[in-house]
Structures are given as structure tokens and as C-alpha cells.
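For reference, start18.json is printed below; it contains JSON, C-alpha atoms.
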[["chain", "number", "residue", "atom", "x", "y", "z"],
["E", 1, "MET", "CA", 161.81, 46.42, 76.72],
["E", 2, "SER", "CA", 161.96, 45.09, 73.18],
["E", 3, "GLU", "CA", 158.69, 44.76, 71.27],
["E", 4, "ALA", "CA", 158.76, 41.06, 70.41],
["E", 5, "PRO", "CA", 157.57, 38.97, 73.39],
["E", 6, "LYS", "CA", 160.33, 36.98, 74.97],
["E", 7, "ARG", "CA", 160.59, 33.99, 77.23],
["E", 8, "VAL", "CA", 162.16, 35.11, 80.49],
["E", 9, "ALA", "CA", 163.31, 33.03, 83.46],
["E", 10, "PHE", "CA", 163.81, 34.66, 86.84],
["E", 11, "ILE", "CA", 166.24, 32.37, 88.60],
["E", 12, "ALA", "CA", 167.61, 32.07, 92.12],
["E", 13, "HIS", "CA", 170.99, 33.76, 92.35],
["E", 14, "CYS", "CA", 172.88, 30.57, 93.19],
["E", 15, "LEU", "CA", 171.89, 28.84, 89.96],
["E", 16, "LEU", "CA", 174.35, 31.17, 88.20],
["E", 17, "ASN", "CA", 176.60, 31.67, 91.19],
["E", 18, "GLN", "CA", 177.23, 28.71, 93.48],
["E", 19, "ASN", "CA", 179.53, 30.95, 95.53],
["E", 20, "SER", "CA", 176.44, 32.52, 97.06],
["E", 21, "LYS", "CA", 175.41, 29.23, 98.69],
["E", 22, "VAL", "CA", 175.80, 28.72, 102.40],
["E", 23, "GLU", "CA", 179.16, 27.02, 103.08],
["E", 24, "GLY", "CA", 178.75, 23.32, 102.40],
["E", 25, "GLY", "CA", 175.93, 23.94, 99.95],
["E", 26, "ALA", "CA", 177.78, 24.48, 96.69],
["E", 27, "LEU", "CA", 177.62, 21.40, 94.50],
["E", 28, "ARG", "CA", 179.43, 22.98, 91.53],
["E", 29, "PRO", "CA", 182.32, 25.47, 91.25],
["E", 30, "GLY", "CA", 180.42, 28.20, 89.41],
["E", 31, "MET", "CA", 176.91, 27.49, 88.20],
["E", 32, "TRP", "CA", 174.24, 24.79, 88.20],
["E", 33, "GLU", "CA", 174.61, 23.73, 84.59],
["E", 34, "PRO", "CA", 171.63, 21.38, 84.13],
["E", 35, "VAL", "CA", 169.16, 24.21, 84.58],
["E", 36, "ILE", "CA", 171.21, 26.88, 82.82],
["E", 37, "ASP", "CA", 171.69, 24.59, 79.83],
["E", 38, "LEU", "CA", 167.98, 23.79, 79.68],
["E", 39, "LEU", "CA", 167.02, 27.47, 79.77],
["E", 40, "ARG", "CA", 169.45, 28.25, 76.97],
["E", 41, "GLU", "CA", 168.22, 25.31, 74.88],
["E", 42, "ARG", "CA", 164.67, 26.59, 75.24],
["E", 43, "GLY", "CA", 165.63, 30.15, 74.32],
["E", 44, "TYR", "CA", 164.91, 31.75, 77.68],
["E", 45, "THR", "CA", 166.39, 35.10, 78.64],
["E", 46, "ILE", "CA", 167.93, 34.78, 82.09],
["E", 47, "ARG", "CA", 167.18, 37.29, 84.82],
["E", 48, "GLN", "CA", 169.18, 36.48, 87.96],
["E", 49, "MET", "CA", 167.54, 37.45, 91.22],
["E", 50, "PRO", "CA", 169.61, 38.71, 94.18],
["E", 51, "CYS", "CA", 170.59, 36.32, 96.98],
["E", 52, "PRO", "CA", 168.82, 37.63, 100.08],
["E", 53, "GLU", "CA", 170.78, 35.41, 102.44],
["E", 54, "LEU", "CA", 174.19, 36.45, 101.09],
["E", 55, "ALA", "CA", 173.28, 40.11, 101.32],
["E", 56, "PHE", "CA", 171.88, 39.78, 104.85],
["E", 57, "GLY", "CA", 173.86, 37.07, 106.62],
["E", 58, "GLY", "CA", 177.03, 37.24, 104.54],
["E", 59, "ALA", "CA", 179.17, 34.62, 102.84],
["E", 60, "ARG", "CA", 179.99, 32.96, 106.18],
["E", 61, "ARG", "CA", 176.44, 32.70, 107.48],
["E", 62, "PHE", "CA", 175.34, 29.52, 109.24],
["E", 63, "TRP", "CA", 172.78, 27.14, 107.83],
["E", 64, "GLY", "CA", 169.27, 27.98, 108.89],
["E", 65, "VAL", "CA", 165.64, 26.93, 108.72],
["E", 66, "ARG", "CA", 162.64, 29.04, 107.86],
["E", 67, "GLU", "CA", 161.67, 29.75, 111.46],
["E", 68, "GLN", "CA", 165.08, 31.33, 112.15],
["E", 69, "PHE", "CA", 164.86, 33.66, 109.17],
["E", 70, "ASP", "CA", 161.25, 34.64, 109.69],
["E", 71, "THR", "CA", 161.88, 37.93, 111.48],
["E", 72, "PRO", "CA", 160.43, 41.37, 110.68],
["E", 73, "LEU", "CA", 163.86, 42.73, 109.79],
["E", 74, "TYR", "CA", 164.67, 39.87, 107.41],
["E", 75, "ARG", "CA", 161.27, 40.29, 105.81],
["E", 76, "GLN", "CA", 161.99, 44.00, 105.33],
["E", 77, "HIS", "CA", 165.26, 43.09, 103.65],
["E", 78, "CYS", "CA", 163.55, 40.53, 101.42],
["E", 79, "ARG", "CA", 160.81, 43.02, 100.55],
["E", 80, "ARG", "CA", 163.43, 45.56, 99.46],
["E", 81, "LEU", "CA", 164.91, 43.00, 97.06],
["E", 82, "ALA", "CA", 161.45, 41.81, 96.05],
["E", 83, "LYS", "CA", 160.57, 45.36, 94.97],
["E", 84, "LEU", "CA", 163.50, 45.27, 92.56],
["E", 85, "VAL", "CA", 162.54, 41.88, 91.15],
["E", 86, "ALA", "CA", 158.88, 42.89, 90.92],
["E", 87, "ALA", "CA", 159.84, 46.03, 89.00],
["E", 88, "VAL", "CA", 161.73, 43.92, 86.47],
["E", 89, "ILE", "CA", 158.87, 41.42, 86.27],
["E", 90, "GLY", "CA", 156.52, 44.35, 85.73],
["E", 91, "GLN", "CA", 158.43, 45.60, 82.72],
["E", 92, "HIS", "CA", 158.53, 42.14, 81.18],
["E", 93, "ALA", "CA", 154.86, 41.54, 81.94],
["E", 94, "ALA", "CA", 153.98, 44.83, 80.28],
["E", 95, "ALA", "CA", 155.84, 43.68, 77.19],
["E", 96, "GLY", "CA", 153.78, 40.49, 77.10],
["E", 97, "ASP", "CA", 156.74, 38.25, 77.85],
["E", 98, "ASP", "CA", 156.30, 34.68, 79.07],
["E", 99, "LEU", "CA", 157.65, 34.50, 82.63],
["E", 100, "VAL", "CA", 158.84, 31.64, 84.80],
["E", 101, "LEU", "CA", 160.59, 31.61, 88.16],
["E", 102, "LEU", "CA", 163.03, 28.98, 89.41],
["E", 103, "GLY", "CA", 163.77, 28.92, 93.14],
["E", 104, "VAL", "CA", 165.46, 26.40, 95.42],
["E", 105, "ASP", "CA", 163.20, 23.89, 97.12],
["E", 106, "THR", "CA", 165.23, 23.37, 100.29],
["E", 107, "SER", "CA", 165.83, 27.00, 101.04],
["E", 108, "PRO", "CA", 164.28, 28.95, 103.91],
["E", 109, "THR", "CA", 164.40, 31.95, 101.60],
["E", 110, "MET", "CA", 164.07, 30.82, 97.98],
["E", 111, "GLY", "CA", 161.83, 27.76, 98.42],
["E", 112, "VAL", "CA", 158.93, 27.66, 95.97],
["E", 113, "GLU", "CA", 157.09, 24.42, 96.67],
["E", 114, "PHE", "CA", 159.12, 23.27, 99.67],
["E", 115, "THR", "CA", 161.09, 25.02, 102.38],
["E", 116, "CYS", "CA", 163.02, 23.71, 105.38],
["E", 117, "SER", "CA", 161.64, 23.74, 108.88],
["E", 118, "SER", "CA", 162.62, 22.78, 112.40],
["E", 119, "PRO", "CA", 160.89, 23.46, 115.71],
["E", 120, "THR", "CA", 164.18, 23.31, 117.63],
["E", 121, "TRP", "CA", 167.12, 24.70, 115.61],
["E", 122, "ALA", "CA", 168.75, 27.43, 117.71],
["E", 123, "GLY", "CA", 171.92, 28.25, 119.54],
["E", 124, "LYS", "CA", 175.26, 26.56, 119.02],
["E", 125, "PRO", "CA", 175.48, 25.46, 115.38],
["E", 126, "ASP", "CA", 176.24, 21.77, 115.93],
["E", 127, "ILE", "CA", 172.89, 20.10, 115.38],
["E", 128, "GLY", "CA", 174.55, 16.79, 114.48],
["E", 129, "ASP", "CA", 172.58, 13.59, 114.91],
["E", 130, "GLU", "CA", 169.70, 15.38, 116.61],
["E", 131, "ASP", "CA", 168.75, 17.20, 113.42],
["E", 132, "ASP", "CA", 164.97, 17.29, 113.27],
["E", 133, "SER", "CA", 164.71, 19.62, 110.27],
["E", 134, "THR", "CA", 162.31, 18.59, 107.56],
["E", 135, "LEU", "CA", 161.11, 19.85, 104.23],
["E", 136, "VAL", "CA", 157.58, 21.19, 104.42],
["E", 137, "PRO", "CA", 155.31, 22.48, 101.67],
["E", 138, "GLY", "CA", 155.43, 26.22, 101.30],
["E", 139, "ASP", "CA", 157.36, 29.27, 100.17],
["E", 140, "GLY", "CA", 160.61, 30.62, 101.49],
["E", 141, "ILE", "CA", 160.60, 34.09, 103.02],
["E", 142, "PHE", "CA", 161.75, 35.95, 99.90],
["E", 143, "ILE", "CA", 159.36, 34.13, 97.60],
["E", 144, "GLU", "CA", 156.52, 34.93, 99.98],
["E", 145, "GLU", "CA", 157.47, 38.61, 100.04],
["E", 146, "LEU", "CA", 157.82, 38.64, 96.25],
["E", 147, "LYS", "CA", 154.33, 37.20, 95.82],
["E", 148, "THR", "CA", 152.95, 39.85, 98.15],
["E", 149, "GLU", "CA", 154.78, 42.61, 96.26],
["E", 150, "LEU", "CA", 153.51, 41.31, 92.92],
["E", 151, "ALA", "CA", 149.95, 41.15, 94.25],
["E", 152, "GLU", "CA", 150.16, 44.73, 95.53],
["E", 153, "ARG", "CA", 151.33, 45.86, 92.10],
["E", 154, "GLY", "CA", 148.62, 43.87, 90.36],
["E", 155, "LEU", "CA", 151.21, 41.78, 88.56],
["E", 156, "PRO", "CA", 150.87, 38.10, 87.70],
["E", 157, "GLU", "CA", 152.98, 35.49, 89.46],
["E", 158, "PRO", "CA", 155.33, 33.73, 87.05],
["E", 159, "ARG", "CA", 154.89, 29.98, 86.71],
["E", 160, "ALA", "CA", 157.34, 28.61, 89.25],
["E", 161, "THR", "CA", 159.09, 25.61, 90.65],
["E", 162, "GLY", "CA", 162.22, 24.95, 92.68],
["E", 163, "ILE", "CA", 165.50, 23.14, 92.18],
["E", 164, "ARG", "CA", 165.67, 20.08, 94.46],
["E", 165, "HIS", "CA", 169.34, 19.10, 94.25],
["E", 166, "TRP", "CA", 169.58, 18.83, 98.04],
["E", 167, "PHE", "CA", 166.63, 16.46, 98.41],
["E", 168, "VAL", "CA", 167.74, 13.09, 99.82],
["E", 169, "ASP", "CA", 165.95, 11.31, 96.97],
["E", 170, "TYR", "CA", 166.97, 13.88, 94.34],
["E", 171, "ASP", "CA", 166.21, 12.63, 90.84],
["E", 172, "PRO", "CA", 167.90, 14.72, 88.13],
["E", 173, "ASP", "CA", 165.66, 13.30, 85.42],
["E", 174, "GLU", "CA", 162.49, 14.15, 87.37],
["E", 175, "GLU", "CA", 163.83, 17.66, 87.86],
["E", 176, "LEU", "CA", 164.56, 18.27, 84.21],
["E", 177, "GLN", "CA", 161.13, 16.88, 83.26],
["E", 178, "ARG", "CA", 159.41, 19.08, 85.83],
["E", 179, "ILE", "CA", 161.26, 22.21, 84.74],
["E", 180, "GLY", "CA", 160.88, 21.27, 81.09],
["E", 181, "ALA", "CA", 157.12, 21.07, 81.57],
["E", 182, "LEU", "CA", 157.16, 24.52, 83.14],
["E", 183, "LEU", "CA", 158.98, 26.04, 80.18],
["E", 184, "ARG", "CA", 157.11, 26.64, 76.94],
["J", 1, "MET", "CA", 182.99, 20.39, 105.04],
["J", 2, "SER", "CA", 182.84, 19.45, 101.36],
["J", 3, "ASP", "CA", 181.93, 22.37, 99.15],
["J", 4, "ALA", "CA", 182.58, 22.77, 95.44],
["J", 5, "ARG", "CA", 182.57, 26.57, 95.20],
["J", 6, "SER", "CA", 185.36, 28.17, 93.20],
["J", 7, "ARG", "CA", 185.58, 31.42, 95.19],
["J", 8, "ARG", "CA", 185.75, 33.08, 91.76],
["J", 9, "VAL", "CA", 182.98, 35.46, 90.72],
["J", 10, "ALA", "CA", 182.50, 37.35, 87.45],
["J", 11, "VAL", "CA", 180.25, 40.39, 87.32],
["J", 12, "VAL", "CA", 178.93, 40.22, 83.77],
["J", 13, "ALA", "CA", 177.17, 42.74, 81.54],
["J", 14, "ASP", "CA", 173.81, 41.42, 80.39],
["J", 15, "SER", "CA", 174.84, 41.76, 76.74],
["J", 16, "LEU", "CA", 177.91, 39.58, 77.38],
["J", 17, "LEU", "CA", 176.24, 36.90, 79.48],
["J", 18, "GLU", "CA", 175.40, 34.53, 76.62],
["J", 19, "PRO", "CA", 178.69, 34.97, 74.68],
["J", 20, "PHE", "CA", 180.81, 34.45, 77.81],
["J", 21, "LEU", "CA", 178.74, 31.89, 79.70],
["J", 22, "ASP", "CA", 180.52, 28.77, 78.47],
["J", 23, "GLU", "CA", 183.99, 30.23, 78.89],
["J", 24, "LEU", "CA", 183.30, 31.54, 82.38],
["J", 25, "ASN", "CA", 181.82, 28.19, 83.36],
["J", 26, "ARG", "CA", 184.90, 26.36, 82.09],
["J", 27, "GLU", "CA", 187.01, 28.75, 84.17],
["J", 28, "GLY", "CA", 184.88, 27.95, 87.22],
["J", 29, "PHE", "CA", 183.38, 31.39, 87.67],
["J", 30, "GLY", "CA", 180.06, 32.00, 89.29],
["J", 31, "ILE", "CA", 178.21, 34.91, 87.72],
["J", 32, "ILE", "CA", 176.54, 38.06, 88.96],
["J", 33, "GLN", "CA", 174.45, 39.48, 86.13],
["J", 34, "LEU", "CA", 174.36, 43.23, 85.56],
["J", 35, "PRO", "CA", 171.05, 44.86, 84.62],
["J", 36, "PRO", "CA", 169.87, 44.87, 81.01],
["J", 37, "THR", "CA", 170.13, 48.22, 79.30],
["J", 38, "ASP", "CA", 166.40, 48.53, 78.63],
["J", 39, "LEU", "CA", 165.41, 48.71, 82.29],
["J", 40, "ASP", "CA", 164.13, 52.02, 83.59],
["J", 41, "PRO", "CA", 166.88, 54.02, 85.35],
["J", 42, "GLU", "CA", 165.41, 53.65, 88.85],
["J", 43, "THR", "CA", 165.23, 49.87, 88.59],
["J", 44, "ALA", "CA", 168.68, 49.64, 87.03],
["J", 45, "SER", "CA", 170.06, 51.73, 89.87],
["J", 46, "ALA", "CA", 168.48, 49.45, 92.48],
["J", 47, "TRP", "CA", 169.89, 46.41, 90.65],
["J", 48, "LEU", "CA", 173.41, 47.91, 90.66],
["J", 49, "GLU", "CA", 173.10, 48.78, 94.33],
["J", 50, "GLN", "CA", 172.38, 45.18, 95.29],
["J", 51, "THR", "CA", 175.09, 43.96, 92.90],
["J", 52, "ALA", "CA", 177.58, 46.15, 94.74],
["J", 53, "GLU", "CA", 176.41, 44.72, 98.08],
["J", 54, "HIS", "CA", 177.02, 41.17, 96.82],
["J", 55, "VAL", "CA", 180.43, 42.14, 95.45],
["J", 56, "ALA", "CA", 181.40, 43.85, 98.70],
["J", 57, "GLU", "CA", 180.59, 40.71, 100.65],
["J", 58, "PHE", "CA", 182.61, 38.50, 98.30],
["J", 59, "ARG", "CA", 185.57, 40.89, 98.38],
["J", 60, "ARG", "CA", 185.37, 41.12, 102.17],
["J", 61, "ASN", "CA", 185.82, 37.35, 102.24],
["J", 62, "GLU", "CA", 188.68, 37.42, 99.73],
["J", 63, "TYR", "CA", 186.85, 35.85, 96.81],
["J", 64, "GLU", "CA", 188.26, 36.75, 93.40],
["J", 65, "VAL", "CA", 185.84, 39.11, 91.67],
["J", 66, "VAL", "CA", 186.31, 40.28, 88.08],
["J", 67, "LEU", "CA", 184.27, 42.39, 85.68],
["J", 68, "VAL", "CA", 183.12, 41.40, 82.19],
["J", 69, "ASP", "CA", 181.89, 44.76, 81.06],
["J", 70, "ASP", "CA", 180.29, 46.38, 78.04],
["J", 71, "GLY", "CA", 180.45, 49.89, 79.48],
["J", 72, "ALA", "CA", 176.68, 50.30, 79.81],
["J", 73, "HIS", "CA", 176.68, 50.68, 83.59],
["J", 74, "SER", "CA", 180.39, 51.10, 84.35],
["J", 75, "GLU", "CA", 180.30, 54.48, 86.02],
["J", 76, "GLN", "CA", 177.21, 53.73, 88.06],
["J", 77, "LEU", "CA", 178.58, 50.38, 89.22],
["J", 78, "GLU", "CA", 181.86, 51.99, 90.22],
["J", 79, "ARG", "CA", 180.00, 54.62, 92.22],
["J", 80, "ALA", "CA", 177.96, 51.93, 93.98],
["J", 81, "LEU", "CA", 181.12, 49.98, 94.80],
["J", 82, "THR", "CA", 182.94, 53.09, 96.02],
["J", 83, "ALA", "CA", 180.03, 53.90, 98.32],
["J", 84, "LEU", "CA", 180.67, 50.56, 100.01],
["J", 85, "GLY", "CA", 184.43, 51.05, 100.13],
["J", 86, "VAL", "CA", 185.15, 48.56, 97.36],
["J", 87, "ALA", "CA", 187.89, 49.29, 94.81],
["J", 88, "PRO", "CA", 187.05, 49.12, 91.09],
["J", 89, "LEU", "CA", 186.99, 45.54, 89.83],
["J", 90, "PRO", "CA", 189.71, 44.22, 87.55],
["J", 91, "GLN", "CA", 188.61, 43.41, 84.03],
["J", 92, "TYR", "CA", 188.31, 39.73, 83.18],
["J", 93, "ALA", "CA", 191.12, 38.59, 80.91],
["J", 94, "ILE", "CA", 189.62, 36.83, 77.91],
["J", 95, "GLN", "CA", 191.12, 33.39, 77.62],
["J", 96, "PRO", "CA", 192.97, 32.58, 74.39],
["J", 97, "PRO", "CA", 191.59, 29.71, 72.34],
["J", 98, "SER", "CA", 192.93, 26.31, 73.29],
["J", 99, "THR", "CA", 196.02, 25.33, 71.33],
["J", 100, "SER", "CA", 195.56, 21.66, 72.09],
["J", 101, "ARG", "CA", 194.30, 21.01, 68.57],
["J", 102, "LEU", "CA", 197.67, 22.23, 67.30],
["J", 103, "THR", "CA", 199.50, 19.50, 69.17],
["J", 104, "PRO", "CA", 200.56, 16.89, 66.65],
["J", 105, "ASP", "CA", 199.39, 13.34, 67.16],
["J", 106, "THR", "CA", 202.04, 11.07, 68.53]]
When written as C-alpha cells, how does the structure in this file appear?
Amino acid sequence: MSEAPKRVAFIAHCLLNQNSKVEGGALRPGMWEPVIDLLRERGYTIRQMPCPELAFGGARRFWGVREQFDTPLYRQHCRRLAKLVAAVIGQHAAAGDDLVLLGVDTSPTMGVEFTCSSPTWAGKPDIGDEDDSTLVPGDGIFIEELKTELAERGLPEPRATGIRHWFVDYDPDEELQRIGALLR
Amino acid sequence: MSDARSRRVAVVADSLLEPFLDELNREGFGIIQLPPTDLDPETASAWLEQTAEHVAEFRRNEYEVVLVDDGAHSEQLERALTALGVAPLPQYAIQPPSTSRLTPDT
């Protein structure tokens, strides 16, 4: 790592690569520009995290809620990727860099402050009008595993928030203010 | 179902991310970032392994995947792709500057 402390943003994979979203989830062709532009304006070095869902369920995976993903095998997969991210965080932390993390606050995997939940989602993927999924406070599976990995390594958790572009009442200005306040 | 994805992915060397970001975005590419060169070898190797897994999945689903490379991890990336049965990625063709400004006013 270079000697001068840097500002480093660990970002959910899909913020640079909308192709990794679950089908129906990509709002832009390539990247989520509002956040990328803000990070560049503020001089942050970007570190893209892997997409656990793409690597596990594939590009044609179905939508899912946290309860569906919360299996021992998926947690093992997330922990494997979390070890990689934690190792990178560790090198930046050792260099005294300022670290933030941007997840996705609707994701069962990458949620930071909110994740999606349903007591009933299962079986044939045609939930339709009976959709009872809700956003609940809490981490997604990967973020939870990353926090555990960081704690085991004695590393600090980066300041973190999540992108909320799939919230029903999504407010782009609120989002930029919230992320802007997180960045230094 | 409405979905804006381009099905175009560029695997980009860390050193070339900032210089190529605007151009790749204009071209509609999503980006997979390659590891920075100052990572320790074990971590860089793990990063390249998961990059190859992502690429393999995109190629399996017939997404266009190109490489914007500085040579820092070329051999290791190719080995990781080969291990998953993925052919070497074509190099991204740098787009020529727009000539629109040369069009005379009418």
C-alpha cells in the first residue's frame, strides 16, 4: 500500500456493474452513476466487492429474501468472499486509510441498514399480489459475515450505509446527502 | 420484465479504472475491477479467482465480456479463466474521439 493515507470506498459489486443484479433489478445499463460520481468528486479510491449472489446463484437466479439465502452453505460462500474483502480492508487499515462501505439496502445479501424479509416466500416464483415481503432493519448475509470476519481479525468496520434505489419512497437527494455525510 | 442492463461487461485493470470509467460508462459497460498491484500476492490471487468466477458466469449466459488490461495480472487472470474453461477475453477496443465537433454548422 502507498504511504500517504487514502480515502477508500468498498462498494457493492452492482454499483459498478448493473449486470450483476438479479433480472429485473438493473436500473442502469452499466453502473449506478450518482454514487460513482460522488465518490470520484470526493477523491475516493474505489474497491469493488464481489457479488455473492451472482457467484452462487448465477446470472439467472430468482429474486429472494433473506430467509431463503440464510443457509449454512450460502454463509460459507459469503465467508469465503468476506475473507478476501477483509484482507483488502486489512491492508488499507494498516496504511491508515479512511474506509467506508456502500451496500444495497434492499438486498438479502448486501443490505447494510435494511434487508428484505418474508415469512412465506418459497416454491413457485410467482408471488404476485400476495407478496408479503418487507424491508426490515438489519444486515444482509454477506455484510453479516464480513463483520464477523473483520471482528475475528481485529479490524475496524468501515463506516457504512446502503443504496436505497429500490425503496418505494426512494429519494435521490436524501441518498446523496446521507452518503455525502458518510464521506469525509 | 423491465431491466436496463447492457449485457456488456468490461474487466478493467485498477490502474485504468479512472481513465476509462467515463468512456466505458458511455458505452454502457458494467465493470469488474481487477486487483490493485500493491495487494499481497495471496489476496490478489483470491481476487482474480473470484473475478474469473464472475466472468465465467457472464460468458455462460452470453454476455459480452472484454478486457481493459495493463498487463499487471494478465497471466494469472488467464490461468484462472482457463481453470474454469473460459477462453481468454478479447481486448477492449478504445473508442476514437467523437468527430461530431468537426461537423460544420448548417
Counting all atoms listed in the file, which residues from chain J have an atom at most 6 Å from any atom of chain E, and could you show them as number ranges by chain? J: 1-6, 28-31, 38, 54
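With all atoms listed in the file as the basis for measurement, J:Asn61 is the residue among J:Thr37, J:Ser45, J:Thr51, J:Asn61 that approaches Arg8 (chain J) most closely.
For the atom pair formed by CA of Ser74 (chain J) and CA of Asp97 (chain E), the distance is 27.7 Å, given to one decimal.
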From (161.8, 33.1, 85.7), in the file's coordinates, out to 6 Å: which residues are reached, counting all atoms listed in the file? Answer as a list of chain:residue names. E:Val8, E:Ala9, E:Phe10, E:Ile11, E:Leu99, E:Val100, E:Leu101, E:Leu102
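Between CA of Cys116 (chain E) and CA of Phe142 (chain E) there is a distance of 13.5 Å.
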List the spatial neighbours of Ala80 (chain J) as a PyMOL selection string - criterion: any atom at most 9 Å away, only C-alpha atoms, same-chain residues fewer than 5 positions off excluded. chain J and resi 45+48-53+75+85-86
So which residues fall inside 10 Å of (183.5, 42.7, 96.4) if we count all atoms listed in the file? Mind giving them as a ChimeraX atom specification? /J:9,11,51-66,81,84-89
Region 169-182 of chain E: which residues within 9 Å, counting only C-alpha atoms, same-chain residues fewer than 3 positions away excluded, as a PyMOL selection string? chain E and resi 34-35+38-39+42+100+102+159-166
Identify which of the residues E:Ala122, E:Ile89, E:Ile143, E:Leu183 lies closest to Asp105 (chain E), counting only C-alpha atoms when measuring atom-to-atom distances. E:Ile143
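Candidate residues J:Asp40, J:Thr82, J:Leu77, J:Val68 were compared for distance to Leu24 (chain J), and the nearest is J:Val68, using all atoms listed in the file.
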Would you kindly return, as a PyMOL selection string, each protein, DNA or RNA residue with an atom no farther than 7 Å from any atom of Pro108 (chain E), considering all atoms listed in the file and excluding same-chain residues fewer than 4 positions away? chain E and resi 65-66+115-116+140-141
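Relative to CA of Phe20 (chain J), CA of Ala83 (chain J) is found at 28.3 Å.
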